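Here the structure comes first, spelled out in structure tokens, and everything after it is commentary.
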Amino acid sequence: MRWWSLANLVSNAGTWMQLTVQNLLVLQITGSAAATGLSLSVQAAPGLLVSVVGGAAVDRWPRKLTAAVSQALLGAVAFATALLVAFDQLNLGVLLALAAVTGLIATIDGPACSLLGNDLVRPEDVPSAIGVGSLVSNAGRLAGAGLAGLAVGVFGTAAAYAANGLSFLFVAAVIPFLRPVAAAVTQAAPTAPGAPADDMSVREGLAFFARRPRLVALAGISGISAIFGRNYGLTLAVLVTGPLAGGAGAFGTVSTVLAVGGIVGAVLGARLRKPSVRLVGTLAAAGALLQVVAGLSPSLAVLLVLVLPMAVLESVSDTAGTTVLQTDPPAHMRGRVLGVWNTVRTMWSLAGPPALGLLMELAGARGALVAGGLLIAGAIGAGHLLRRRRTPEPVLIRPETAAVPALSTAA
């Protein structure tokens with residue numbers, strides 16, 4: 001697990017190096033902000049269309065081999081992009097094609113690597129492993145953003161892509177030496193005698209997800225939170241530079257506090273033992289109420305005080321939700337469940353910014369934060385009340401009515 005965490009730290013740093021310069025590269029090639037958005041959409045499109053197929057592949061194929069091959073392929077794409085940039089042969093069409101290929105490979109790589117990390121610890125330690133993964137992700141994000149500026153300034157844009165390619169190869173080289181704590185995860189579902197074997201179909205994964213109330217509720221909570229509560233890069237940027245009359249430096253301070261809160265939340269989330277959907281909903285509702293107060297902040301200092309607990313709650317909620325998602329399904333279904341989840345999550349990421357942007361146009365930055373927080377808290381509260389009404393109350397039997405007369409000697 002230590003080696004896997006180190007590999008993920010290196011990989012996350014490389015990925016954020018590339019993401020940091022990718023938008024700049026598109027702007028350099030095209031000079032169009034619309035083209036930048038198009039490149040991000042093209043890379044996200046495979047997650048919307050074929051994630052369920054990728055999840056089925058993860059359930060069918062050996063996990064270590066799948067993760068190693070997908071990491072090597074992502075490295076090859078990064079190296080190809082670096083060469084094209086270095087020799088000035090990259091145009092918009094080729095860049096979009098490479099982005100689509102990256103997104104396609106990621107539909108398999110994401111669930112494969114997530115589940116492989118869980119195989120390295122005992123079942124009761126999975127929440128801690130997910131928390132460590134979140135901590136590594138946040139640390140890699142901070143390191144990658146800083147290293148990107150250094151790499152581009154000293155070696156040029158191609159260096160960020162080359163470094164990302166090396167980070168993928170490092171992960172691929174580490175994977176063969178990882179040893180799961182138990183026997184290899186069974187890739188086929190146990191079937192009763194005479195029952196049809198599990199065909200690892202996409203349809204079965206969709207049906208399982210739809211029939212599982214906990215997963216549906218988790219999707220609902222995460223979806224409304226992602227659309228109206230998690231796009232702080234947009235809402236807080238407008239709030240800081242608008243009503244609070246701050247500049248880019250002030251928003252940079254807010255972003256740093258958000259990152260620190262994410263790291264603190266990951267540490268706290270790693271201490272969870274048995275997280276539940278109810279806990280995820282409670283944390284999301286609490287964060288939404290803090291968001292309402294943040295929208296009413298009279299000054300930047302007050303906003304900074306509120307941003308830290310907002311980020312902590314978001315990070316702990318994410319860790320708890322990920323734990324439920326990766327441990328609730330049986331082992332042979334987890335790849336397909338993650339595939340369905342990635343499809344749903346991609347829908348949120350595509351629908352969230354336009355919906356939030358429209359809300360900000362109508363109500364302003366403060367109004368969007370307040371209305372979004374109230375929508376999240378209200379929806380979670382309404383769902384909780386609805387669930388309580390639908391859950392039948394247990395029938396209590398009085399001891400005297402339940403008592404059985406003692407048998408007589410004759411009987």
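Numbering starts fresh at 1 for the residues of each chain in the structure tokens, the chains themselves are lettered A, B, ... in the order given, and ligands are numbered from 1 as they appear.
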(request) Could you give me, as a list in words, the residues within 8 Å of region 228-245 of chain A, counting only C-alpha atoms and dropping anything in the same chain fewer than 4 positions from it? (result)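 The filter keeps Ile224, Ala250, Phe251, Ser255, Ala288, Gln291, Gly295, Pro298, Ser299, Leu300, Gly352, Pro353, Leu356, Met360, Ala365, Arg366, Ala368, Leu369, Gly372, Gly373, Leu375 and Ile376 of chain A.
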(request) Find the spatial neighbours of Leu48 (chain A), counting only C-alpha atoms, within a cut-off of 12 Å - ignore same-chain residues fewer than 6 positions away - and output them as a PyMOL selection string. (result) chain A and resi 41-42+54+100+103-104+106-107+339-351
(message) So that I can check the surroundings of Val324 (chain A), please list as a PyMOL selection string every protein, DNA and RNA residue that reaches within 8 Å of it, counting only C-alpha atoms and ignoring chain neighbours fewer than 2 positions away.
(response) chain A and resi 275-277+320-322+326-328
(request) Using DSSP on the backbone, list every residue of region 135-298 of chain A that comes out as helix (DSSP H, G or I), and give them as a PyMOL selection string. (result) chain A and resi 135-155+157-177+202-211+213-228+232-241+248-269+277-295
Restrict the selected residues to C-alpha atoms and save them as a CSV table (one decimal), in the first residue's frame.
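Final file, result.csv:
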chain,number,residue,atom,x,y,z
A,135,LEU,CA,-5.0,12.8,0.6
A,136,VAL,CA,-2.5,11.7,-2.1
A,137,SER,CA,-4.7,13.1,-4.8
A,138,ASN,CA,-4.9,16.5,-3.1
A,139,ALA,CA,-1.1,16.6,-2.4
A,140,GLY,CA,-0.4,15.6,-6.0
A,141,ARG,CA,-2.7,18.3,-7.2
A,142,LEU,CA,-0.8,21.0,-5.3
A,143,ALA,CA,2.6,19.6,-6.3
A,144,GLY,CA,1.6,19.2,-10.0
A,145,ALA,CA,0.3,22.8,-10.3
A,146,GLY,CA,3.5,24.1,-8.9
A,147,LEU,CA,5.8,21.9,-10.9
A,148,ALA,CA,3.9,22.8,-14.1
A,149,GLY,CA,5.0,26.4,-13.9
A,150,LEU,CA,8.6,25.3,-13.3
A,151,ALA,CA,8.7,22.7,-16.1
A,152,VAL,CA,7.1,25.1,-18.7
A,153,GLY,CA,9.3,28.0,-17.7
A,154,VAL,CA,12.6,26.0,-17.9
A,155,PHE,CA,11.9,23.2,-20.5
A,157,THR,CA,5.2,22.9,-22.7
A,158,ALA,CA,6.3,19.5,-24.0
A,159,ALA,CA,8.1,18.8,-20.7
A,160,ALA,CA,4.8,18.7,-18.8
A,161,TYR,CA,3.4,16.0,-21.1
A,162,ALA,CA,6.7,14.1,-21.0
A,163,ALA,CA,6.7,14.2,-17.2
A,164,ASN,CA,3.2,12.9,-17.1
A,165,GLY,CA,4.2,10.0,-19.4
A,166,LEU,CA,7.0,9.1,-17.0
A,167,SER,CA,4.6,9.2,-14.1
A,168,PHE,CA,2.3,6.7,-15.8
A,169,LEU,CA,5.2,4.4,-16.6
A,170,PHE,CA,6.3,4.5,-13.0
A,171,VAL,CA,2.8,3.3,-11.8
A,172,ALA,CA,2.8,0.6,-14.5
A,173,ALA,CA,6.2,-0.6,-13.2
A,174,VAL,CA,5.1,-0.7,-9.6
A,175,ILE,CA,1.9,-2.7,-10.2
A,176,PRO,CA,3.5,-6.1,-10.9
A,177,PHE,CA,5.1,-6.0,-7.4
A,202,VAL,CA,-23.4,-4.0,-18.9
A,203,ARG,CA,-27.1,-4.4,-18.5
A,204,GLU,CA,-26.7,-6.4,-15.3
A,205,GLY,CA,-24.5,-3.6,-13.8
A,206,LEU,CA,-27.2,-1.0,-14.7
A,207,ALA,CA,-29.9,-3.1,-13.2
A,208,PHE,CA,-28.0,-3.7,-10.0
A,209,PHE,CA,-27.4,0.0,-9.6
A,210,ALA,CA,-31.0,0.9,-10.2
A,211,ARG,CA,-32.3,-1.8,-7.8
A,213,PRO,CA,-31.7,2.2,-3.0
A,214,ARG,CA,-28.4,3.1,-1.2
A,215,LEU,CA,-26.6,3.7,-4.5
A,216,VAL,CA,-29.5,5.6,-6.0
A,217,ALA,CA,-29.7,7.8,-2.9
A,218,LEU,CA,-25.9,8.4,-3.0
A,219,ALA,CA,-26.1,9.4,-6.7
A,220,GLY,CA,-28.9,11.8,-5.9
A,221,ILE,CA,-27.0,13.4,-3.0
A,222,SER,CA,-23.7,13.6,-4.9
A,223,GLY,CA,-25.5,14.9,-8.1
A,224,ILE,CA,-27.3,17.9,-6.5
A,225,SER,CA,-24.2,18.7,-4.5
A,226,ALA,CA,-22.0,18.6,-7.5
A,227,ILE,CA,-24.3,20.9,-9.5
A,228,PHE,CA,-25.1,23.5,-6.9
A,232,TYR,CA,-16.3,26.8,-6.0
A,233,GLY,CA,-13.8,27.6,-8.7
A,234,LEU,CA,-16.7,29.4,-10.4
A,235,THR,CA,-18.9,30.8,-7.7
A,236,LEU,CA,-16.2,31.9,-5.2
A,237,ALA,CA,-14.1,33.4,-8.0
A,238,VAL,CA,-17.0,35.6,-9.0
A,239,LEU,CA,-17.9,36.4,-5.3
A,240,VAL,CA,-14.3,37.3,-4.5
A,241,THR,CA,-13.6,39.4,-7.6
A,248,ALA,CA,-6.7,37.3,-8.5
A,249,GLY,CA,-4.4,37.2,-5.4
A,250,ALA,CA,-7.3,37.1,-3.1
A,251,PHE,CA,-8.9,34.2,-5.0
A,252,GLY,CA,-5.6,32.4,-4.9
A,253,THR,CA,-5.7,32.6,-1.1
A,254,VAL,CA,-9.2,31.2,-1.1
A,255,SER,CA,-8.1,28.4,-3.5
A,256,THR,CA,-5.2,27.6,-1.1
A,257,VAL,CA,-7.5,27.4,1.9
A,258,LEU,CA,-9.8,25.1,-0.1
A,259,ALA,CA,-6.9,22.8,-0.9
A,260,VAL,CA,-5.8,22.7,2.7
A,261,GLY,CA,-9.3,21.9,3.8
A,262,GLY,CA,-9.4,19.1,1.3
A,263,ILE,CA,-6.2,17.6,2.8
A,264,VAL,CA,-7.5,17.9,6.4
A,265,GLY,CA,-10.8,16.3,5.3
A,266,ALA,CA,-8.9,13.4,3.7
A,267,VAL,CA,-7.0,12.8,6.9
A,268,LEU,CA,-10.3,12.8,8.9
A,269,GLY,CA,-12.0,10.7,6.3
A,277,VAL,CA,-25.3,7.2,2.9
A,278,ARG,CA,-26.9,8.9,5.9
A,279,LEU,CA,-23.5,10.2,6.9
A,280,VAL,CA,-22.8,11.4,3.4
A,281,GLY,CA,-26.1,13.2,3.3
A,282,THR,CA,-25.6,14.8,6.7
A,283,LEU,CA,-22.1,16.1,5.8
A,284,ALA,CA,-23.4,17.4,2.4
A,285,ALA,CA,-26.3,19.2,4.1
A,286,ALA,CA,-24.0,20.8,6.7
A,287,GLY,CA,-21.6,21.9,4.0
A,288,ALA,CA,-24.6,23.4,2.0
A,289,LEU,CA,-25.7,25.4,5.0
A,290,LEU,CA,-22.1,26.8,5.4
A,291,GLN,CA,-22.3,27.7,1.7
A,292,VAL,CA,-25.4,29.7,2.4
A,293,VAL,CA,-23.6,31.7,5.1
A,294,ALA,CA,-20.5,32.1,2.8
A,295,GLY,CA,-22.8,33.6,0.2
(message) Rounded to one decimal, what separation in Å do you get between CA of Ile29 (chain A) and CA of Gln89 (chain A)?
(response)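 About the pair CA of Ile29 (chain A) and CA of Gln89 (chain A): they are 10.5 Å apart.
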(request) Just give me the gap between CA of Pro330 (chain A) and CA of Leu272 (chain A) in Å, one decimal is fine. (result)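 Pair CA of Pro330 (chain A) / CA of Leu272 (chain A) returns 20.4 Å.
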(message) Between CA of Pro180 (chain A) and CA of Thr319 (chain A), what distance in Å does the model show, to one decimal?
(response)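 Going from CA of Pro180 (chain A) over to CA of Thr319 (chain A) covers 21.6 Å.
Look at Gly133 (chain A): the protein and nucleic acid residues within 9 Å of it, using only C-alpha atoms and passing over chain neighbours fewer than 4 places away, are A:Ser5, A:Asn8, A:Leu9, A:Ser114, A:Gly117, A:Ser128, A:Ala129, A:Ser137, A:Asn138, A:Ala266, A:Ala270.
Among the candidate residues A:Arg63, A:His332, A:Arg271, A:His384, the one lying nearest to Val126 (chain A) is A:Arg271, with distances computed using only C-alpha atoms.
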